[in-house]
Every structure is written in structure tokens, then in C-alpha cells.
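> Please see the structure below; I have some questions.
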Amino acid sequence: MGEEHKEFTADKMADSDYYILSLAAIGRELNIRKQTSARVHLAAGLPLTWVSEQKDAFKKYLLQRDSADFTFRGVDYHVDFVGTDNFPPGLCCCV
């Protein structure tokens with residue numbers, strides 16, 4: 001508690017914060033489904049101007065590892081990344 005809000009940064013790939021936040025989101029989703037491992041295909045929203053300019057770099061950033069082992073809220077998780085798609089906000093669909 002007492003953590004400060006992360007300031008907006010135009011380059012989400014400048015540090016590992018967005019990657020770590022992505023793992024937390026995955027952990028939350030797996031927890032809801034009562035799973036501790038999964039094969040994950042990410043669907044990420046990018047500002048419209050970035051989709052064409054940065055989608056390849058952002059894909060590489062999100063898929064910097066083939067898999068990840070992490071702990072979220074005291075539970076250990078394992079995910080294998082199988083791909084990612086980038087969409088403008090509002091068009092990102094999760095299945």
C-alpha cells in the first residue's frame with residue numbers, strides 16, 4: 001500500500017514496468033479461472049498512431065521470453081507465451 005501511480009510514459013518499452021504489469025494481469029486472470037499455468041496469446045491495445053509504427057517492437061517486448069514463472073498474490077504461476085496481437089484501443093478482443 002502507499003504505492004504511487006505510475007506516470008504516463010510514451011515509450012512503454014523503456015523499462016520492465018509494463019511487462020511486470022502484464023504478468024500481474026495474467027496472474028489475476030488465471031486466479032479467476034483457478035489455474036496456475038496456461039498457454040497465453042496476448043492481445044494488447046496500442047494508441048492508433050503506434051499500431052503501425054511500434055507494433056513489431058512492442059510484440060518483441062511482450063514476447064521477450066518464451067515463458068515466465070512468477071508469483072502473484074502469493075501464488076506461483078507458469079505461462080508459455082504463444083503469440084501476441086496489437087490493436088488500437090477499443091478494438092482489442094479477448095476470447
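Following the order of the C-alpha cells, chains are lettered A, B, ..., residues in each are numbered from 1, and ligands are numbered from 1.
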Which residues come within 7 Å of segment 62-77 of chain A, counting only C-alpha atoms, excluding same-chain residues fewer than 6 positions away, as a PDB file with N, CA and C atoms, in the first residue's frame?

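Final output, result_37.pdb:
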```pdb
ATOM      1  N   TYR A  19       5.779  -4.811 -18.690  1.00  0.00           N
ATOM      2  CA  TYR A  19       5.885  -6.277 -18.752  1.00  0.00           C
ATOM      3  C   TYR A  19       5.428  -6.885 -17.422  1.00  0.00           C
ATOM      4  N   ALA A  24       1.118  -9.459 -13.973  1.00  0.00           N
ATOM      5  CA  ALA A  24       0.123  -9.336 -12.892  1.00  0.00           C
ATOM      6  C   ALA A  24      -1.289  -9.526 -13.444  1.00  0.00           C
ATOM      7  N   GLY A  27      -1.749 -13.153 -14.123  1.00  0.00           N
ATOM      8  CA  GLY A  27      -1.947 -13.840 -12.849  1.00  0.00           C
ATOM      9  C   GLY A  27      -3.366 -13.667 -12.321  1.00  0.00           C
ATOM     10  N   THR A  36      -3.073 -22.312 -12.556  1.00  0.00           N
ATOM     11  CA  THR A  36      -1.748 -21.796 -12.214  1.00  0.00           C
ATOM     12  C   THR A  36      -0.786 -21.866 -13.393  1.00  0.00           C
ATOM     13  N   SER A  37      -1.246 -22.417 -14.515  1.00  0.00           N
ATOM     14  CA  SER A  37      -0.414 -22.435 -15.712  1.00  0.00           C
ATOM     15  C   SER A  37      -1.315 -22.346 -16.940  1.00  0.00           C
TER      16      SER A  37
END
```
> Counting only C-alpha atoms, what is within 8 Å of Val82 of chain A, bar same-chain residues fewer than 4 positions away, as a list of chain:residue names?
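Close residues of Val82 of chain A: A:Arg39, A:Val40, A:His41, A:Asp66.
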> I need the chosen residues saved as a compact mmCIF listing (two decimals), in the first residue's frame, with C-alpha atoms.

```txt
# COMPACT_ATOMS: atom_id res chain seq x y z
CA ARG A 39 -0.51 -21.09 -22.83
CA VAL A 40 -1.13 -17.39 -23.38
CA HIS A 41 -1.76 -15.38 -26.52
CA ASP A 66 9.10 -17.85 -24.34
```
> Run DSSP on the backbone and grab whatever in segment 45-80 of chain A lands in alpha helix (DSSP H); send it over as a list in words.
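Result set for segment 45-80 of chain A (alpha helix (DSSP H)): Leu48, Thr49, Trp50, Val51, Ser52, Glu53, Gln54, Lys55, Asp56, Ala57, Phe58, Lys59, Lys60, Tyr61 and Leu62 of chain A.
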> Deliver the residues from the most recent selection as a file, using C-alpha atoms, as an mmCIF file, in the first residue's frame.

```
data_model
loop_
_atom_site.group_PDB
_atom_site.id
_atom_site.type_symbol
_atom_site.label_atom_id
_atom_site.label_comp_id
_atom_site.auth_asym_id
_atom_site.auth_seq_id
_atom_site.Cartn_x
_atom_site.Cartn_y
_atom_site.Cartn_z
ATOM 1 C CA LEU A 48 -3.662 4.240 -33.010
ATOM 2 C CA THR A 49 -0.514 6.045 -34.204
ATOM 3 C CA TRP A 50 1.697 3.392 -32.557
ATOM 4 C CA VAL A 51 -0.004 0.377 -34.125
ATOM 5 C CA SER A 52 1.737 0.876 -37.439
ATOM 6 C CA GLU A 53 4.936 2.432 -36.057
ATOM 7 C CA GLN A 54 5.717 0.324 -32.983
ATOM 8 C CA LYS A 55 3.709 -2.891 -33.207
ATOM 9 C CA ASP A 56 6.690 -5.069 -34.138
ATOM 10 C CA ALA A 57 8.893 -3.642 -31.380
ATOM 11 C CA PHE A 58 6.050 -3.949 -28.855
ATOM 12 C CA LYS A 59 5.426 -7.548 -29.883
ATOM 13 C CA LYS A 60 9.116 -8.301 -29.337
ATOM 14 C CA TYR A 61 8.945 -6.567 -25.926
ATOM 15 C CA LEU A 62 5.936 -8.622 -24.803
#
```
> Give me, as a ChimeraX atom specification, the residues of segment 10-89 of chain A that a backbone DSSP run labels strand (DSSP E).
/A:37-45,67-72,75-87
> How many Å separate atom CA of Asn31 of chain A from atom CA of Gly83 of chain A?
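Here the two named atoms are 20.9 Å from each other.
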> Which one is closest to Val79 of chain A: A:Leu30, A:Ala44, A:Leu21, A:Ala38? Count only C-alpha atoms.
A:Ala38
